[in-house]
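This is work-v8.pdb (PDB, C-alpha atoms).
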```
MODEL        1
ATOM      1  CA  MET F   1     -38.891 -14.000  65.003
ATOM      2  CA  ALA F   2     -35.987 -16.253  64.123
ATOM      3  CA  ARG F   3     -34.577 -18.651  66.700
ATOM      4  CA  LEU F   4     -30.982 -18.507  65.487
ATOM      5  CA  VAL F   5     -28.740 -15.537  64.794
ATOM      6  CA  GLU F   6     -28.762 -14.653  61.113
ATOM      7  CA  ARG F   7     -25.944 -13.050  59.163
ATOM      8  CA  SER F   8     -28.073  -9.991  58.396
ATOM      9  CA  GLU F   9     -28.192  -9.163  62.127
ATOM     10  CA  ILE F  10     -24.423  -8.894  62.507
ATOM     11  CA  VAL F  11     -22.794  -5.562  61.768
ATOM     12  CA  ASP F  12     -19.175  -4.529  61.458
ATOM     13  CA  TYR F  13     -17.364  -3.692  64.698
ATOM     14  CA  ALA F  14     -17.312   0.075  64.076
ATOM     15  CA  THR F  15     -21.085   0.205  63.520
ATOM     16  CA  TYR F  16     -21.647  -2.041  66.546
ATOM     17  CA  GLU F  17     -19.630   0.349  68.700
ATOM     18  CA  ASP F  18     -22.257   3.055  68.017
ATOM     19  CA  THR F  19     -24.987   1.059  69.785
ATOM     20  CA  ARG F  20     -22.900  -1.100  72.111
ATOM     21  CA  ALA F  21     -23.850   0.623  75.384
ATOM     22  CA  ILE F  22     -27.587   0.274  74.742
ATOM     23  CA  THR F  23     -27.166  -3.289  73.505
ATOM     24  CA  ARG F  24     -25.155  -4.288  76.581
ATOM     25  CA  GLU F  25     -27.815  -2.910  78.928
ATOM     26  CA  LYS F  26     -30.583  -4.895  77.208
ATOM     27  CA  VAL F  27     -28.539  -8.091  76.994
ATOM     28  CA  PHE F  28     -27.393  -7.932  80.618
ATOM     29  CA  ALA F  29     -31.052  -7.679  81.671
ATOM     30  CA  ALA F  30     -31.882 -10.702  79.486
ATOM     31  CA  LYS F  31     -28.919 -12.644  80.891
ATOM     32  CA  GLU F  32     -29.936 -11.898  84.460
ATOM     33  CA  LEU F  33     -33.245 -13.704  83.906
ATOM     34  CA  ARG F  34     -31.387 -16.671  82.436
ATOM     35  CA  ARG F  35     -28.590 -16.947  85.024
ATOM     36  CA  VAL F  36     -29.005 -19.610  87.699
ATOM     37  CA  HIS F  37     -26.475 -20.009  90.497
ATOM     38  CA  LEU F  38     -26.592 -23.642  91.505
ATOM     39  CA  ASN F  39     -24.074 -23.388  94.310
ATOM     40  CA  LYS F  40     -20.953 -21.371  95.021
ATOM     41  CA  TYR F  41     -19.134 -22.944  92.056
ATOM     42  CA  LEU F  42     -21.693 -23.622  89.321
ATOM     43  CA  THR F  43     -23.622 -21.047  87.305
ATOM     44  CA  PHE F  44     -25.951 -21.970  84.453
ATOM     45  CA  LEU F  45     -26.408 -19.239  81.851
ATOM     46  CA  PHE F  46     -29.201 -20.138  79.450
ATOM     47  CA  GLU F  47     -28.705 -18.585  76.037
ATOM     48  CA  ASN F  48     -31.066 -17.276  73.400
ATOM     49  CA  ARG F  49     -30.755 -15.472  70.078
ATOM     50  CA  GLU F  50     -30.308 -12.075  71.727
ATOM     51  CA  THR F  51     -27.548 -13.182  74.118
ATOM     52  CA  LEU F  52     -25.715 -15.075  71.375
ATOM     53  CA  ARG F  53     -25.930 -12.160  68.947
ATOM     54  CA  TYR F  54     -24.307 -10.032  71.639
ATOM     55  CA  GLN F  55     -21.526 -12.608  72.125
ATOM     56  CA  ILE F  56     -20.870 -12.720  68.381
ATOM     57  CA  GLN F  57     -20.744  -8.928  68.120
ATOM     58  CA  GLU F  58     -18.381  -8.748  71.100
ATOM     59  CA  ILE F  59     -16.013 -11.316  69.549
ATOM     60  CA  ILE F  60     -16.043  -9.450  66.232
ATOM     61  CA  ARG F  61     -15.371  -6.192  68.063
ATOM     62  CA  THR F  62     -12.603  -7.555  70.290
ATOM     63  CA  GLU F  63     -10.819  -9.506  67.580
ATOM     64  CA  ARG F  64     -11.570  -6.969  64.814
ATOM     65  CA  ILE F  65     -12.986  -9.692  62.582
ATOM     66  CA  VAL F  66     -13.835  -8.532  59.063
ATOM     67  CA  ARG F  67     -13.502 -11.599  56.828
ATOM     68  CA  GLU F  68     -16.881 -12.967  55.844
ATOM     69  CA  ALA F  69     -15.836 -16.588  56.373
ATOM     70  CA  ASP F  70     -14.713 -15.789  59.914
ATOM     71  CA  ILE F  71     -17.962 -13.981  60.712
ATOM     72  CA  LEU F  72     -19.991 -16.918  59.373
ATOM     73  CA  ASN F  73     -17.886 -19.302  61.468
ATOM     74  CA  GLU F  74     -18.636 -17.319  64.647
ATOM     75  CA  ILE F  75     -22.350 -17.327  63.852
ATOM     76  CA  GLU F  76     -22.355 -21.079  63.231
ATOM     77  CA  THR F  77     -20.333 -21.795  66.371
ATOM     78  CA  TYR F  78     -22.565 -19.753  68.657
ATOM     79  CA  ASN F  79     -25.831 -20.904  67.050
ATOM     80  CA  SER F  80     -24.818 -24.505  67.737
ATOM     81  CA  ILE F  81     -25.149 -23.791  71.471
ATOM     82  CA  LEU F  82     -28.934 -23.544  71.078
ATOM     83  CA  GLY F  83     -29.275 -27.030  69.611
ATOM     84  CA  ASP F  84     -32.425 -28.163  67.870
ATOM     85  CA  PRO F  85     -35.825 -26.457  68.108
ATOM     86  CA  GLY F  86     -37.317 -27.296  71.501
ATOM     87  CA  ASP F  87     -33.875 -27.551  73.153
ATOM     88  CA  LEU F  88     -32.392 -25.156  75.683
ATOM     89  CA  GLY F  89     -28.798 -24.119  75.195
ATOM     90  CA  CYS F  90     -26.744 -23.234  78.209
ATOM     91  CA  VAL F  91     -23.249 -22.259  79.214
ATOM     92  CA  LEU F  92     -22.083 -23.725  82.508
ATOM     93  CA  LEU F  93     -19.516 -21.568  84.233
ATOM     94  CA  ILE F  94     -17.425 -23.260  86.903
ATOM     95  CA  GLY F  95     -16.106 -20.474  89.089
ATOM     96  CA  ILE F  96     -13.239 -21.309  91.414
ATOM     97  CA  GLU F  97     -11.840 -18.088  92.849
ATOM     98  CA  ASN F  98      -8.720 -19.485  94.495
ATOM     99  CA  GLU F  99      -6.260 -20.223  91.704
ATOM    100  CA  ALA F 100      -4.470 -22.855  93.804
ATOM    101  CA  ASP F 101      -7.756 -24.794  94.091
ATOM    102  CA  ARG F 102      -8.732 -24.507  90.418
ATOM    103  CA  LYS F 103      -6.762 -27.363  88.852
ATOM    104  CA  PRO F 104      -7.298 -29.846  91.723
ATOM    105  CA  LEU F 105     -11.063 -29.217  91.769
ATOM    106  CA  LEU F 106     -11.433 -29.372  87.991
ATOM    107  CA  THR F 107      -9.572 -32.681  88.156
ATOM    108  CA  GLN F 108     -11.734 -33.926  91.034
ATOM    109  CA  TRP F 109     -14.905 -32.936  89.181
ATOM    110  CA  LEU F 110     -14.055 -34.815  85.986
ATOM    111  CA  GLY F 111     -17.336 -36.398  84.935
ATOM    112  CA  LEU F 112     -19.516 -33.596  86.324
ATOM    113  CA  GLN F 113     -20.921 -32.914  82.856
ATOM    114  CA  ASP F 114     -22.759 -36.274  82.984
ATOM    115  CA  TYR F 115     -24.658 -35.266  86.146
ATOM    116  CA  LEU F 116     -26.198 -31.910  85.198
ATOM    117  CA  TYR F 117     -29.948 -31.764  84.651
ATOM    118  CA  VAL F 118     -33.106 -29.697  84.486
ATOM    119  CA  VAL F 119     -36.368 -30.822  86.057
ATOM    120  CA  LEU F 120     -39.660 -30.488  84.196
ATOM    121  CA  ASP F 121     -43.010 -29.748  85.839
ATOM    122  CA  ASN F 122     -43.913 -33.461  85.836
ATOM    123  CA  GLY F 123     -40.739 -34.298  87.798
ATOM    124  CA  ASP F 124     -38.795 -35.744  84.861
ATOM    125  CA  LYS F 125     -35.076 -35.002  84.850
ATOM    126  CA  VAL F 126     -33.498 -34.154  81.511
ATOM    127  CA  TYR F 127     -29.728 -34.564  81.592
ATOM    128  CA  ALA F 128     -27.464 -32.319  79.564
ATOM    129  CA  SER F 129     -25.642 -33.266  76.430
ATOM    130  CA  PHE F 130     -22.288 -31.561  76.073
ATOM    131  CA  ASP F 131     -19.322 -31.056  73.803
ATOM    132  CA  PRO F 132     -16.840 -33.864  74.618
ATOM    133  CA  ALA F 133     -14.006 -31.676  73.305
ATOM    134  CA  GLN F 134     -14.353 -29.597  76.476
ATOM    135  CA  VAL F 135     -13.430 -32.501  78.702
ATOM    136  CA  GLY F 136      -9.805 -33.509  78.918
ATOM    137  CA  ASP F 137      -8.294 -36.764  80.077
ATOM    138  CA  ASP F 138      -7.421 -35.349  83.453
ATOM    139  CA  ARG F 139      -9.867 -32.495  84.128
ATOM    140  CA  ILE F 140     -13.034 -30.738  83.028
ATOM    141  CA  SER F 141     -13.021 -27.300  81.398
ATOM    142  CA  ALA F 142     -14.244 -24.382  83.534
ATOM    143  CA  VAL F 143     -16.679 -23.470  80.738
ATOM    144  CA  GLN F 144     -19.068 -26.083  79.388
ATOM    145  CA  TYR F 145     -21.571 -25.729  76.545
ATOM    146  CA  LEU F 146     -24.639 -27.744  77.446
ATOM    147  CA  ARG F 147     -27.842 -28.609  75.665
ATOM    148  CA  PHE F 148     -31.040 -29.834  77.288
ATOM    149  CA  ALA F 149     -33.444 -31.704  74.995
ATOM    150  CA  VAL F 150     -36.608 -30.605  76.805
ATOM    151  CA  ALA F 151     -38.886 -30.977  73.743
ATOM    152  CA  GLY F 152     -40.197 -27.438  74.210
ATOM    153  CA  ARG F 153     -41.153 -27.940  77.863
ATOM    154  CA  THR F 154     -40.067 -25.317  80.380
ATOM    155  CA  PRO F 155     -37.913 -26.497  83.289
ATOM    156  CA  VAL F 156     -38.891 -25.680  86.858
ATOM    157  CA  SER F 157     -35.463 -26.302  88.395
ATOM    158  CA  VAL F 158     -31.842 -27.121  87.602
ATOM    159  CA  GLY F 159     -29.460 -29.345  89.471
ATOM    160  CA  THR F 160     -26.652 -31.813  89.662
ATOM    161  CA  ASP F 161     -26.457 -35.185  91.319
ATOM    162  CA  PHE F 162     -22.664 -35.239  91.140
ATOM    163  CA  ALA F 163     -21.591 -36.409  94.602
ATOM    164  CA  ASP F 164     -19.319 -33.504  95.590
ATOM    165  CA  LEU F 165     -21.663 -30.792  94.326
ATOM    166  CA  ALA F 166     -25.165 -32.296  94.574
ATOM    167  CA  CYS F 167     -27.924 -29.716  94.836
ATOM    168  CA  GLU F 168     -31.004 -28.450  93.036
ATOM    169  CA  VAL F 169     -32.383 -24.923  92.668
ATOM    170  CA  ALA F 170     -35.945 -23.994  91.735
ATOM    171  CA  LEU F 171     -36.301 -21.485  88.927
ATOM    172  CA  THR F 172     -38.216 -18.330  89.743
ATOM    173  CA  SER F 173     -41.419 -17.596  87.863
ATOM    174  CA  ASP F 174     -39.535 -14.862  85.937
ATOM    175  CA  GLN F 175     -36.807 -17.336  84.951
ATOM    176  CA  GLN F 176     -39.402 -19.873  83.848
ATOM    177  CA  ALA F 177     -41.194 -17.223  81.796
ATOM    178  CA  ALA F 178     -37.935 -16.193  80.093
ATOM    179  CA  LEU F 179     -37.110 -19.801  79.188
ATOM    180  CA  ALA F 180     -40.671 -20.440  78.002
ATOM    181  CA  LEU F 181     -40.338 -17.429  75.699
ATOM    182  CA  ASP F 182     -37.020 -18.776  74.344
ATOM    183  CA  LEU F 183     -38.620 -22.165  73.695
ATOM    184  CA  SER F 184     -41.573 -20.594  71.871
ATOM    185  CA  VAL F 185     -39.447 -19.443  68.901
TER     186      VAL F 185
ENDMDL
END
```

Translate this file's structure into structure tokens.
Amino acid sequence: MARLVERSEIVDYATYEDTRAITREKVFAAKELRRVHLNKYLTFLFENRETLRYQIQEIIRTERIVREADILNEIETYNSILGDPGDLGCVLLIGIENEADRKPLLTQWLGLQDYLYVVLDNGDKVYASFDPAQVGDDRISAVQYLRFAVAGRTPVSVGTDFADLACEVALTSDQQAALALDLSV
């Protein structure tokens, strides 16, 4: 099985619509195993080929993309989230329900991206690398694309040591198994 999404796996939006309901059900189940709520604000969503293929198909469907160059660009963009073989790709979602709090907190949390980590079974912390384009001069983006260079080792927990949000959450055995499967391809 391939690790990255290949062009041959992506269909036109009309064809995708025929199987969308079944695809969504499978992908939502896969995402549930890869979703880790760190605290009330931070959610890690680890990605794999299946979840990224779904995202690509959804973008093509929503935006009615048909040009080959645009499809290839979406595939390249989403595949880059996974990083190199042995890495774990992740989307960090910063959820701030109260709109009035959103900008002040995203400003206050500038630098958070440097303090996100996974813990391996030997206790080593592996800090995330991230796309610097998602961090402004005055605030962090509410969506961050992270990569953890775990060298094929499965994390046992995720956390942050950022002062305002410091906490760590152990991964369940099902979550660890899902990530181990992702790392095996």

Using all atoms listed in the file: which of F:Lys31, F:Lys125, F:Arg102, F:Arg3 has the shortest distance to Ser157 of chain F: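 So, comparing all the options, the nearest one is F:Lys125.
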
Nearest candidate to Gln144 of chain F (options F:Leu82, F:Leu72, F:Leu93, F:Ile22; using all atoms listed in the file): F:Leu93

Could you give me the centre and size, in Å to one decimal, of an axis-aligned box around all listed atoms of segment 98-115 of chain F with 5 Å added on every side, as AutoDock Vina command-line options?
```
--center_x -14.6 --center_y -27.9 --center_z 88.7 --size_x 30.2 --size_y 26.9 --size_z 21.6
```

Residues within 8 Å of segment 109-116 of chain F, only C-alpha atoms, excluding chain neighbours under 5 positions, as JSON, numbers by chain: {"F": [127, 128, 129, 130, 135, 138, 139, 140, 144, 158, 159, 160, 161, 162, 164]}

Result set of the PyMOL selection byres ((chain F and resi 8) around 12) on the coordinates above, as a ChimeraX atom specification: /F:2,4-7,9-12,53,68,71-72,75

Residues matched by the PyMOL selection byres ((chain F and resi 174-183) around 12), written as a PyMOL selection string: chain F and resi 1-4+29-36+44-51+82-90+118-121+148-158+169-173+184-185

Length of the atom CA of Glu74 of chain F to atom CA of Lys26 of chain F vector [Å]: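 Distance between the two atoms: 21.3 Å.
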
Å distance separating atom CA of Thr77 of chain F from atom CA of Gln57 of chain F, one decimal place: 13.0 Å

Which residue of F:Ile81, F:Ala14, F:Leu38, F:Ile56 approaches Gly95 of chain F most closely, using all atoms listed in the file: F:Leu38

d(atom CA of Ser141 of chain F, atom CA of Ala69 of chain F) in Å: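 Between atom CA of Ser141 of chain F and atom CA of Ala69 of chain F the gap is 27.4 Å.
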
Closest of F:Asp124, F:Tyr13, F:Thr43, F:Asp137 to Arg64 of chain F - atom-to-atom distances counting only C-alpha atoms: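 Distance minimum relative to Arg64 of chain F lands on F:Tyr13.
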
Using only C-alpha atoms: which of F:Asn98, F:Gln55, F:Asn73, F:Thr107 has the shortest distance to Arg20 of chain F: F:Gln55

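Between Arg147 of chain F and the candidates F:Ala100, F:Leu92, F:Leu42, F:Val27, the tightest atom-to-atom separation, counting only C-alpha atoms, involves F:Leu92.
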
Take segment 46-82 of chain F, bring it up to N, CA and C atoms, and give me the output as a compact mmCIF listing (two decimals), in the frame of the given file.
```
# COMPACT_ATOMS: atom_id res chain seq x y z
N PHE F 46 -28.43 -19.70 80.61
CA PHE F 46 -29.20 -20.14 79.45
C PHE F 46 -29.12 -19.06 78.38
N GLU F 47 -28.92 -19.50 77.15
CA GLU F 47 -28.70 -18.58 76.04
C GLU F 47 -29.94 -18.53 75.14
N ASN F 48 -30.05 -17.41 74.43
CA ASN F 48 -31.07 -17.28 73.40
C ASN F 48 -30.46 -16.47 72.24
N ARG F 49 -31.25 -16.18 71.25
CA ARG F 49 -30.76 -15.47 70.08
C ARG F 49 -30.14 -14.13 70.45
N GLU F 50 -30.79 -13.40 71.34
CA GLU F 50 -30.31 -12.08 71.73
C GLU F 50 -28.96 -12.15 72.44
N THR F 51 -28.81 -13.08 73.37
CA THR F 51 -27.55 -13.18 74.12
C THR F 51 -26.42 -13.67 73.22
N LEU F 52 -26.75 -14.57 72.29
CA LEU F 52 -25.72 -15.08 71.38
C LEU F 52 -25.30 -14.02 70.36
N ARG F 53 -26.27 -13.24 69.88
CA ARG F 53 -25.93 -12.16 68.95
C ARG F 53 -24.96 -11.19 69.61
N TYR F 54 -25.21 -10.89 70.88
CA TYR F 54 -24.31 -10.03 71.64
C TYR F 54 -22.90 -10.64 71.72
N GLN F 55 -22.83 -11.94 72.02
CA GLN F 55 -21.53 -12.61 72.12
C GLN F 55 -20.77 -12.55 70.80
N ILE F 56 -21.49 -12.77 69.70
CA ILE F 56 -20.87 -12.72 68.38
C ILE F 56 -20.34 -11.31 68.10
N GLN F 57 -21.17 -10.31 68.36
CA GLN F 57 -20.74 -8.93 68.12
C GLN F 57 -19.53 -8.57 68.98
N GLU F 58 -19.51 -9.04 70.21
CA GLU F 58 -18.38 -8.75 71.10
C GLU F 58 -17.09 -9.40 70.59
N ILE F 59 -17.19 -10.63 70.10
CA ILE F 59 -16.01 -11.32 69.55
C ILE F 59 -15.51 -10.56 68.32
N ILE F 60 -16.43 -10.19 67.44
CA ILE F 60 -16.04 -9.45 66.23
C ILE F 60 -15.38 -8.13 66.62
N ARG F 61 -15.93 -7.46 67.61
CA ARG F 61 -15.37 -6.19 68.06
C ARG F 61 -13.99 -6.38 68.67
N THR F 62 -13.86 -7.33 69.58
CA THR F 62 -12.60 -7.56 70.29
C THR F 62 -11.50 -8.00 69.35
N GLU F 63 -11.83 -8.94 68.47
CA GLU F 63 -10.82 -9.51 67.58
C GLU F 63 -10.73 -8.79 66.23
N ARG F 64 -11.56 -7.76 66.05
CA ARG F 64 -11.57 -6.97 64.81
C ARG F 64 -11.75 -7.87 63.58
N ILE F 65 -12.72 -8.74 63.67
CA ILE F 65 -12.99 -9.69 62.58
C ILE F 65 -13.71 -8.98 61.45
N VAL F 66 -13.20 -9.15 60.23
CA VAL F 66 -13.84 -8.53 59.06
C VAL F 66 -14.07 -9.53 57.93
N ARG F 67 -13.34 -10.62 57.91
CA ARG F 67 -13.50 -11.60 56.83
C ARG F 67 -14.85 -12.30 56.97
N GLU F 68 -15.55 -12.38 55.85
CA GLU F 68 -16.88 -12.97 55.84
C GLU F 68 -16.87 -14.41 56.35
N ALA F 69 -15.91 -15.19 55.93
CA ALA F 69 -15.84 -16.59 56.37
C ALA F 69 -15.68 -16.69 57.88
N ASP F 70 -14.91 -15.78 58.46
CA ASP F 70 -14.71 -15.79 59.91
C ASP F 70 -15.98 -15.37 60.65
N ILE F 71 -16.69 -14.41 60.11
CA ILE F 71 -17.96 -13.98 60.71
C ILE F 71 -18.96 -15.13 60.66
N LEU F 72 -19.07 -15.79 59.52
CA LEU F 72 -19.99 -16.92 59.37
C LEU F 72 -19.62 -18.06 60.32
N ASN F 73 -18.33 -18.28 60.53
CA ASN F 73 -17.89 -19.30 61.47
C ASN F 73 -18.33 -18.98 62.90
N GLU F 74 -18.20 -17.72 63.30
CA GLU F 74 -18.64 -17.32 64.65
C GLU F 74 -20.13 -17.52 64.82
N ILE F 75 -20.90 -17.15 63.80
CA ILE F 75 -22.35 -17.33 63.85
C ILE F 75 -22.70 -18.80 63.98
N GLU F 76 -22.08 -19.63 63.18
CA GLU F 76 -22.36 -21.08 63.23
C GLU F 76 -21.97 -21.67 64.58
N THR F 77 -20.81 -21.27 65.08
CA THR F 77 -20.33 -21.80 66.37
C THR F 77 -21.29 -21.43 67.50
N TYR F 78 -21.67 -20.18 67.57
CA TYR F 78 -22.56 -19.75 68.66
C TYR F 78 -23.98 -20.29 68.49
N ASN F 79 -24.49 -20.35 67.26
CA ASN F 79 -25.83 -20.90 67.05
C ASN F 79 -25.91 -22.36 67.48
N SER F 80 -24.80 -23.08 67.37
CA SER F 80 -24.82 -24.50 67.74
C SER F 80 -25.10 -24.71 69.22
N ILE F 81 -24.86 -23.69 70.03
CA ILE F 81 -25.15 -23.79 71.47
C ILE F 81 -26.64 -24.02 71.71
N LEU F 82 -27.49 -23.44 70.86
CA LEU F 82 -28.93 -23.54 71.08
C LEU F 82 -29.49 -24.93 70.76
```
